[in-house]
$ cat coords.cif   # mmCIF, C-alpha atoms
data_work
loop_
_atom_site.label_atom_id
_atom_site.label_comp_id
_atom_site.auth_asym_id
_atom_site.auth_seq_id
_atom_site.Cartn_x
_atom_site.Cartn_y
_atom_site.Cartn_z
CA MET O 1 0.00 0.00 0.00
CA ALA O 2 1.43 3.35 -1.04
CA ASP O 3 0.04 6.85 -0.22
CA GLY O 4 -3.02 5.19 1.34
CA LYS O 5 -3.97 3.55 -1.94
CA MET O 6 -3.92 -0.12 -2.75
CA SER O 7 -1.58 -1.07 -5.61
CA GLN O 8 -3.38 -2.19 -8.75
CA PRO O 9 -2.45 -5.55 -10.34
CA ARG O 10 -0.25 -5.11 -13.35
CA SER O 11 -2.07 -6.04 -16.57
CA LEU O 12 -0.42 -7.94 -19.39
CA SER O 13 0.53 -5.98 -22.46
CA GLN O 14 -0.88 -6.99 -25.83
CA HIS O 15 2.50 -8.37 -26.86
CA GLN O 16 2.78 -10.49 -23.70
CA PHE O 17 -0.79 -11.71 -24.10
CA LYS O 18 -0.05 -12.91 -27.66
CA TRP O 19 2.95 -14.87 -26.47
CA LEU O 20 0.89 -16.33 -23.63
CA LEU O 21 -1.53 -17.76 -26.21
CA VAL O 22 1.36 -19.59 -27.85
CA VAL O 23 2.38 -21.40 -24.66
CA PRO O 24 -0.14 -24.31 -24.99
CA LEU O 25 0.96 -24.94 -28.59
CA VAL O 26 4.65 -24.85 -27.66
CA ALA O 27 4.06 -27.22 -24.74
CA PHE O 28 2.11 -29.60 -26.98
CA PHE O 29 4.84 -29.44 -29.64
CA VAL O 30 7.61 -30.15 -27.14
CA LEU O 31 5.70 -32.93 -25.37
CA PHE O 32 4.44 -34.81 -28.41
CA PHE O 33 7.08 -34.03 -31.04
CA VAL O 34 10.43 -32.83 -29.72
CA ILE O 35 10.69 -35.35 -26.89
CA PRO O 36 9.50 -38.41 -28.90
CA VAL O 37 11.73 -37.55 -31.86
CA GLY O 38 14.67 -36.95 -29.50
CA LEU O 39 14.11 -40.35 -27.87
CA LEU O 40 13.84 -41.89 -31.33
CA PHE O 41 17.20 -40.41 -32.33
CA ALA O 42 18.79 -41.58 -29.07
CA THR O 43 17.40 -45.10 -29.47
CA SER O 44 18.79 -45.36 -33.00
CA PHE O 45 22.34 -44.94 -31.62
CA ASN O 46 21.93 -47.70 -29.02
CA PRO O 47 23.40 -51.19 -29.61
CA ALA O 48 20.91 -53.56 -31.18
CA LYS O 49 19.32 -55.82 -28.55
CA VAL O 50 16.25 -57.88 -29.40
CA GLY O 51 13.29 -57.08 -27.19
CA GLN O 52 15.00 -54.26 -25.27
CA VAL O 53 13.79 -50.66 -25.50
CA ALA O 54 15.50 -48.95 -22.55
CA LEU O 55 18.01 -46.22 -23.44
CA VAL O 56 21.65 -46.87 -22.58
CA SER O 57 24.66 -44.57 -22.57
CA ASP O 58 26.63 -46.85 -24.88
CA LEU O 59 26.35 -45.21 -28.33
CA THR O 60 27.14 -46.81 -31.66
CA PHE O 61 26.73 -46.27 -35.40
CA ASP O 62 26.21 -49.98 -36.07
CA ASN O 63 22.50 -49.56 -36.88
CA TYR O 64 23.22 -46.91 -39.50
CA ILE O 65 26.10 -48.95 -40.93
CA ARG O 66 23.75 -51.90 -41.25
CA PHE O 67 21.15 -49.78 -43.04
CA PHE O 68 23.53 -48.28 -45.58
CA SER O 69 25.36 -51.55 -46.17
CA ARG O 70 22.21 -53.52 -47.07
CA SER O 71 20.89 -53.02 -50.60
CA ASN O 72 17.32 -53.94 -49.66
CA TYR O 73 17.07 -51.03 -47.22
CA LEU O 74 18.63 -48.59 -49.68
CA MET O 75 16.22 -49.79 -52.36
CA ALA O 76 13.34 -49.34 -49.90
CA ALA O 77 14.41 -45.74 -49.29
CA GLY O 78 14.65 -45.05 -53.02
CA ARG O 79 11.32 -46.79 -53.62
CA SER O 80 9.67 -44.69 -50.90
CA ILE O 81 10.94 -41.44 -52.44
CA LEU O 82 9.92 -42.55 -55.94
CA LEU O 83 6.47 -43.62 -54.75
CA ALA O 84 5.83 -40.34 -52.91
CA SER O 85 7.05 -38.31 -55.89
CA ILE O 86 4.85 -40.17 -58.38
CA VAL O 87 1.82 -39.85 -56.11
CA SER O 88 2.44 -36.12 -55.69
CA VAL O 89 2.61 -35.54 -59.46
CA ILE O 90 -0.47 -37.65 -60.27
CA THR O 91 -2.46 -36.12 -57.42
CA LEU O 92 -1.59 -32.62 -58.61
CA ILE O 93 -2.66 -33.41 -62.19
CA VAL O 94 -5.96 -34.91 -61.03
CA ALA O 95 -6.74 -32.41 -58.27
CA TYR O 96 -5.86 -29.11 -59.98
CA PRO O 97 -8.83 -29.04 -62.42
CA MET O 98 -11.24 -29.84 -59.58
CA ALA O 99 -9.73 -27.17 -57.36
CA PHE O 100 -9.84 -24.64 -60.21
CA VAL O 101 -13.53 -25.32 -60.85
CA ILE O 102 -14.40 -25.01 -57.16
CA ALA O 103 -12.41 -21.79 -56.79
CA LYS O 104 -14.02 -20.21 -59.86
CA THR O 105 -17.59 -21.30 -59.04
CA GLU O 106 -19.37 -18.18 -57.76
CA ASN O 107 -22.75 -19.78 -57.08
CA PRO O 108 -22.73 -20.54 -53.32
CA ALA O 109 -24.92 -23.64 -53.63
CA ARG O 110 -22.78 -25.19 -56.37
CA ASN O 111 -19.58 -24.26 -54.57
CA THR O 112 -20.82 -25.89 -51.37
CA PHE O 113 -21.93 -29.01 -53.26
CA LEU O 114 -18.52 -29.41 -54.90
CA LEU O 115 -16.75 -28.97 -51.56
CA ILE O 116 -19.03 -31.59 -50.01
CA LEU O 117 -18.02 -34.01 -52.77
CA VAL O 118 -14.37 -33.44 -51.88
CA LEU O 119 -14.90 -33.66 -48.13
CA ALA O 120 -17.24 -36.68 -48.28
CA SER O 121 -14.40 -39.09 -48.96
CA MET O 122 -12.50 -37.80 -45.94
CA GLN O 123 -15.40 -38.71 -43.64
CA LEU O 124 -14.95 -42.44 -44.27
CA ASP O 125 -12.36 -44.45 -42.43
CA MET O 126 -9.21 -45.08 -44.47
CA VAL O 127 -9.50 -48.87 -44.16
CA ILE O 128 -13.09 -48.80 -45.46
CA ARG O 129 -12.03 -46.69 -48.44
CA LEU O 130 -9.18 -49.05 -49.25
CA TYR O 131 -11.38 -52.14 -49.06
CA GLY O 132 -13.76 -50.38 -51.43
CA MET O 133 -10.85 -49.90 -53.84
CA MET O 134 -9.91 -53.54 -53.46
CA VAL O 135 -13.39 -54.50 -54.66
CA ILE O 136 -12.93 -52.30 -57.73
CA LEU O 137 -9.30 -53.15 -58.55
CA GLY O 138 -9.24 -56.85 -57.67
CA ASP O 139 -8.72 -59.62 -60.21
CA ASN O 140 -12.49 -60.15 -60.25
CA GLY O 141 -13.21 -56.50 -59.61
CA LEU O 142 -15.26 -54.03 -61.59
CA ILE O 143 -12.42 -52.69 -63.75
CA ASN O 144 -11.12 -56.11 -64.76
CA GLN O 145 -14.62 -57.33 -65.55
CA ILE O 146 -15.23 -54.35 -67.81
CA LEU O 147 -11.88 -54.78 -69.58
CA GLN O 148 -12.51 -58.46 -70.22
CA GLU O 149 -16.10 -57.93 -71.39
CA LEU O 150 -14.89 -55.31 -73.87
CA GLY O 151 -12.26 -57.75 -75.10
CA LEU O 152 -9.38 -55.43 -74.19
CA THR O 153 -7.66 -58.06 -72.07
CA ASP O 154 -7.60 -61.85 -72.09
CA GLY O 155 -7.24 -62.11 -68.33
CA PRO O 156 -7.25 -59.98 -65.20
CA VAL O 157 -4.76 -57.10 -65.06
CA ALA O 158 -2.71 -56.95 -61.87
CA LEU O 159 -3.96 -53.72 -60.30
CA MET O 160 -3.32 -54.71 -56.70
CA TYR O 161 -0.58 -56.17 -54.49
CA ASN O 162 2.07 -54.30 -56.47
CA PHE O 163 3.58 -50.84 -56.85
CA ARG O 164 0.71 -49.76 -59.11
CA GLY O 165 -1.89 -50.66 -56.51
CA VAL O 166 -0.12 -48.65 -53.81
CA VAL O 167 -0.03 -45.62 -56.15
CA PHE O 168 -3.79 -45.93 -56.77
CA GLY O 169 -4.49 -46.17 -53.05
CA LEU O 170 -2.32 -43.20 -52.11
CA VAL O 171 -3.69 -41.00 -54.89
CA GLN O 172 -7.30 -41.51 -53.85
CA PHE O 173 -6.29 -40.86 -50.24
CA ALA O 174 -4.35 -37.67 -51.01
CA ILE O 175 -6.64 -35.98 -53.56
CA PRO O 176 -8.84 -34.16 -50.97
CA PHE O 177 -5.78 -32.69 -49.26
CA MET O 178 -4.40 -31.40 -52.54
CA VAL O 179 -7.75 -29.96 -53.64
CA LEU O 180 -8.35 -28.10 -50.37
CA THR O 181 -4.81 -26.70 -50.43
CA LEU O 182 -5.19 -25.43 -54.00
CA VAL O 183 -8.69 -23.99 -53.64
CA GLY O 184 -7.66 -21.36 -51.12
CA VAL O 185 -4.67 -20.25 -53.19
CA ILE O 186 -6.56 -20.10 -56.51
CA LYS O 187 -9.38 -18.15 -54.86
CA GLY O 188 -6.86 -15.58 -53.69
CA ILE O 189 -5.67 -14.84 -57.25
CA PRO O 190 -7.33 -11.60 -58.41
CA SER O 191 -9.45 -12.20 -61.50
CA SER O 192 -8.31 -8.82 -62.79
CA LEU O 193 -4.88 -10.30 -63.56
CA GLU O 194 -6.27 -12.81 -66.03
CA GLU O 195 -8.65 -10.19 -67.44
CA ALA O 196 -5.71 -7.86 -68.03
CA ALA O 197 -3.86 -10.60 -69.88
CA ARG O 198 -6.92 -11.32 -72.02
CA SER O 199 -7.33 -7.61 -72.80
CA LEU O 200 -3.72 -7.53 -74.06
CA GLY O 201 -4.48 -10.23 -76.60
CA ALA O 202 -3.63 -13.42 -74.72
CA SER O 203 -5.84 -16.42 -75.32
CA ARG O 204 -7.60 -18.10 -72.40
CA ARG O 205 -5.03 -20.91 -72.41
CA ARG O 206 -2.07 -18.51 -72.58
CA ALA O 207 -3.53 -16.35 -69.82
CA PHE O 208 -3.88 -19.44 -67.63
CA MET O 209 -0.35 -20.65 -68.34
CA ARG O 210 1.29 -17.24 -67.90
CA VAL O 211 -0.84 -15.79 -65.07
CA THR O 212 -3.03 -18.22 -63.13
CA LEU O 213 -0.68 -21.21 -62.99
CA PRO O 214 2.41 -19.26 -61.81
CA ALA O 215 0.29 -17.37 -59.28
CA SER O 216 -0.97 -20.66 -57.85
CA MET O 217 2.55 -22.03 -57.44
CA PRO O 218 2.57 -21.57 -53.63
CA GLY O 219 -0.47 -23.84 -53.40
CA ILE O 220 1.10 -26.35 -55.80
CA LEU O 221 4.29 -26.50 -53.74
CA SER O 222 2.56 -26.72 -50.36
CA GLY O 223 0.02 -29.28 -51.62
CA SER O 224 2.77 -31.38 -53.18
CA LEU O 225 4.77 -31.26 -49.95
CA LEU O 226 1.71 -32.35 -47.94
CA VAL O 227 0.97 -35.23 -50.31
CA PHE O 228 4.66 -36.25 -50.36
CA ALA O 229 4.76 -36.37 -46.56
CA LEU O 230 1.52 -38.36 -46.35
CA SER O 231 2.65 -40.80 -49.03
CA ILE O 232 6.19 -41.49 -47.84
CA SER O 233 5.03 -42.13 -44.26
CA SER O 234 1.96 -44.23 -45.09
CA TYR O 235 1.87 -47.76 -43.74
CA ILE O 236 -1.74 -48.89 -44.13
CA VAL O 237 -1.88 -48.27 -47.90
CA PRO O 238 1.25 -50.33 -48.78
CA ALA O 239 0.06 -53.00 -46.35
CA LEU O 240 -3.43 -53.41 -47.85
CA MET O 241 -2.97 -52.35 -51.48
CA GLY O 242 0.56 -53.72 -51.75
CA GLY O 243 0.02 -56.82 -49.66
CA PHE O 244 3.40 -56.27 -47.93
CA ARG O 245 5.04 -56.95 -51.31
CA VAL O 246 6.05 -53.32 -51.89
CA GLY O 247 9.03 -52.81 -49.61
CA VAL O 248 8.86 -49.18 -48.47
CA LEU O 249 10.38 -47.78 -45.30
CA PRO O 250 7.18 -47.83 -43.16
CA ILE O 251 6.78 -51.55 -43.93
CA HIS O 252 10.37 -52.21 -42.81
CA ILE O 253 9.78 -50.21 -39.61
CA TYR O 254 6.75 -52.35 -38.82
CA GLN O 255 8.65 -55.57 -39.51
CA GLN O 256 11.60 -54.56 -37.32
CA VAL O 257 9.49 -53.36 -34.39
CA ALA O 258 6.37 -55.56 -34.40
CA GLU O 259 7.73 -58.78 -35.89
CA SER O 260 11.43 -58.90 -34.95
CA ALA O 261 11.37 -56.70 -31.81
CA ARG O 262 14.51 -54.93 -33.04
CA PHE O 263 13.54 -51.55 -31.68
CA GLN O 264 16.91 -49.89 -32.17
CA PHE O 265 17.10 -50.72 -35.86
CA GLY O 266 13.45 -49.82 -36.31
CA ALA O 267 14.23 -46.44 -34.75
CA THR O 268 17.13 -46.05 -37.17
CA ILE O 269 14.86 -46.57 -40.19
CA ALA O 270 12.35 -44.16 -38.68
CA VAL O 271 15.06 -41.52 -38.23
CA ILE O 272 16.13 -41.90 -41.86
CA LEU O 273 12.50 -41.57 -42.95
CA PHE O 274 12.23 -38.43 -40.82
CA LEU O 275 15.39 -36.97 -42.38
CA ILE O 276 14.03 -37.63 -45.88
CA SER O 277 10.84 -35.77 -44.98
CA ALA O 278 12.87 -32.94 -43.46
CA ALA O 279 14.90 -32.71 -46.67
CA ALA O 280 11.64 -32.44 -48.64
CA VAL O 281 10.59 -29.55 -46.39
CA ALA O 282 13.95 -27.84 -46.95
CA ILE O 283 13.58 -28.19 -50.72
CA TYR O 284 10.04 -26.80 -50.48
CA LEU O 285 11.23 -23.78 -48.49
CA ARG O 286 14.00 -23.12 -50.99
CA LEU O 287 11.67 -23.35 -53.98
CA GLY O 288 9.02 -21.30 -52.20
CA ASN O 289 11.57 -18.63 -51.41
CA ARG O 290 12.60 -18.45 -55.07
CA LYS O 291 9.02 -18.28 -56.33
CA SER O 292 8.19 -15.50 -53.86
CA GLY O 293 11.19 -13.48 -54.97
CA GLY O 294 13.26 -14.00 -51.84
CA LEU O 295 16.91 -14.87 -51.61
CA ALA O 296 17.64 -18.54 -52.18
#

$ encode --input "coords.cif" --output "structure tokens"
Amino acid sequence: MADGKMSQPRSLSQHQFKWLLVVPLVAFFVLFFVIPVGLLFATSFNPAKVGQVALVSDLTFDNYIRFFSRSNYLMAAGRSILLASIVSVITLIVAYPMAFVIAKTENPARNTFLLILVLASMQLDMVIRLYGMMVILGDNGLINQILQELGLTDGPVALMYNFRGVVFGLVQFAIPFMVLTLVGVIKGIPSSLEEAARSLGASRRRAFMRVTLPASMPGILSGSLLVFALSISSYIVPALMGGFRVGVLPIHIYQQVAESARFQFGATIAVILFLISAAAVAIYLRLGNRKSGGLA
């Protein structure tokens, strides 16, 4: 108490209040990302002991030497990158027209209907969606029956339990994410830019290629990164659509941890998968910086 008056509690400034709002997110990030990933890294440097998970102070590079000295693991890493890249390209080609139509549809009812079509597939469980694809793509599935009835094939075409089947499964899983990412970016492109190009004599196709497509590049890059990350880390799709015959890194992680109880080597594969994803993010940031006019 000073001068007979009670001191007033000190209020938080606007800047301090903003930082206070970030605290729950930072705590969640540290608790459920930084600590688990740190433990994963530490486990990968522990000596391989079947059935043992506890961290020890004895560090070794044997797990990484084993990974890089075995051709099957190196091929799995290359196959994972190739698979995620192919899925990203196909998803972009399929999703961009749909996203463009949704973004350019001004009628609220039609726009809402198109968005519902995109979001409807995301409401179903992933396993249910994949089993639905298995009915369509199987040897006795709808597509093979149509091909054989039309006389285009003499027997069933292998559309499942191979690399092709995993690509189909991942593309149908990733399309909604790509569409939603692109819609927001395309909507933010001022229509006056394309109109100005058309008024200067550019055809509709040239105006799209020179104006709309470059302006939507941030959405293309971010959507491709999202699809790449989802594809390279997917386990359930290669397991069901590939029948464990497509050896990608998530399948090897499952086999090492759940089947062989080699937790240290499983952690090593997981760390390498994480580093590949981190490299993809770094490439995305570099490309995004170039496209936005920043310094590379």

$ resolve_selection --input "coords.cif" --expression "the PyMOL selection byres ((chain O and resi 175) around 8)" --output "VMD selection string"
chain O and resid 91 to 92 94 to 95 171 to 174 176 to 179

$ atom_distance --input "coords.cif" --atom1 "CA of Met160 (chain O)" --atom2 "CA of Gly243 (chain O)"
8.1 Å

$ resolve_selection --input "coords.cif" --expression "the PyMOL selection byres ((chain O and resi 266) around 9)" --output "ChimeraX atom specification"
/O:44,252-257,261-265,267-271

$ axis_aligned_box --input "coords.cif" --around "region 235-254 of chain O" --padding-each-side "4 Å" --output "JSON"
{"center_x": 3.5, "center_y": -52.4, "center_z": -45.4, "size_x": 21.8, "size_y": 17.2, "size_z": 21.1}

$ atom_distance --input "coords.cif" --atom1 "CA of Ala77 (chain O)" --atom2 "CA of Val37 (chain O)"
19.4 Å

$ resolve_selection --input "coords.cif" --expression "the PyMOL selection byres ((chain O and resi 55) around 7)" --output "MDAnalysis selection string"
chainID O and resid 43 46 53:54 56:57

$ residues_around --input "coords.cif" --residues "Gly247 (chain O)" --least-positions-apart "2" --cutoff "10 Å" --atoms "only C-alpha atoms" --output "list in words"
Asn72, Tyr73, Met75, Ala76, Ala77, Arg79, Ser80, Asn162, Phe163, Pro238, Ala239, Gly242, Gly243, Phe244, Arg245, Leu249, Pro250, Ile251 and His252 of chain O

$ atom_distance --input "coords.cif" --atom1 "CA of Tyr161 (chain O)" --atom2 "CA of Leu137 (chain O)"
10.1 Å

$ residues_around --input "coords.cif" --residues "Asp139 (chain O)" --least-positions-apart "2" --cutoff "9 Å" --atoms "only C-alpha atoms" --output "PyMOL selection string"
chain O and resi 135-137+141-145+155-160

$ write_last_selection --input "coords.cif" --atoms "C-alpha atoms" --output "short mmCIF file (atom, residue, chain, number, x, y, z; two decimals), in the coordinates of the input"
data_model
loop_
_atom_site.label_atom_id
_atom_site.label_comp_id
_atom_site.auth_asym_id
_atom_site.auth_seq_id
_atom_site.Cartn_x
_atom_site.Cartn_y
_atom_site.Cartn_z
CA VAL O 135 -13.39 -54.50 -54.66
CA ILE O 136 -12.93 -52.30 -57.73
CA LEU O 137 -9.30 -53.15 -58.55
CA GLY O 141 -13.21 -56.50 -59.61
CA LEU O 142 -15.26 -54.03 -61.59
CA ILE O 143 -12.42 -52.69 -63.75
CA ASN O 144 -11.12 -56.11 -64.76
CA GLN O 145 -14.62 -57.33 -65.55
CA GLY O 155 -7.24 -62.11 -68.33
CA PRO O 156 -7.25 -59.98 -65.20
CA VAL O 157 -4.76 -57.10 -65.06
CA ALA O 158 -2.71 -56.95 -61.87
CA LEU O 159 -3.96 -53.72 -60.30
CA MET O 160 -3.32 -54.71 -56.70
#

$ closest_residue --input "coords.cif" --among "O:Asp125, O:Leu117, O:Gly138, O:Met217" --to "Leu287 (chain O)" --atoms "all atoms listed in the file"
O:Met217

$ residues_near_point --input "coords.cif" --point "(-8.6, -19.0, -55.5)" --cutoff "7 Å" --atoms "only C-alpha atoms" --output "PyMOL selection string"
chain O and resi 103+183-189

$ closest_residue --input "coords.cif" --among "O:Leu119, O:Ile272, O:Leu147, O:Leu193" --to "Arg210 (chain O)" --atoms "all atoms listed in the file"
O:Leu193

$ closest_residue --input "coords.cif" --among "O:Phe100, O:Phe274, O:Phe45, O:Phe61" --to "Ile232 (chain O)" --atoms "all atoms listed in the file"
O:Phe274

$ closest_residue --input "coords.cif" --among "O:Ser222, O:Ser234, O:Ser260, O:Ser69" --to "Leu285 (chain O)" --atoms "all atoms listed in the file"
O:Ser222
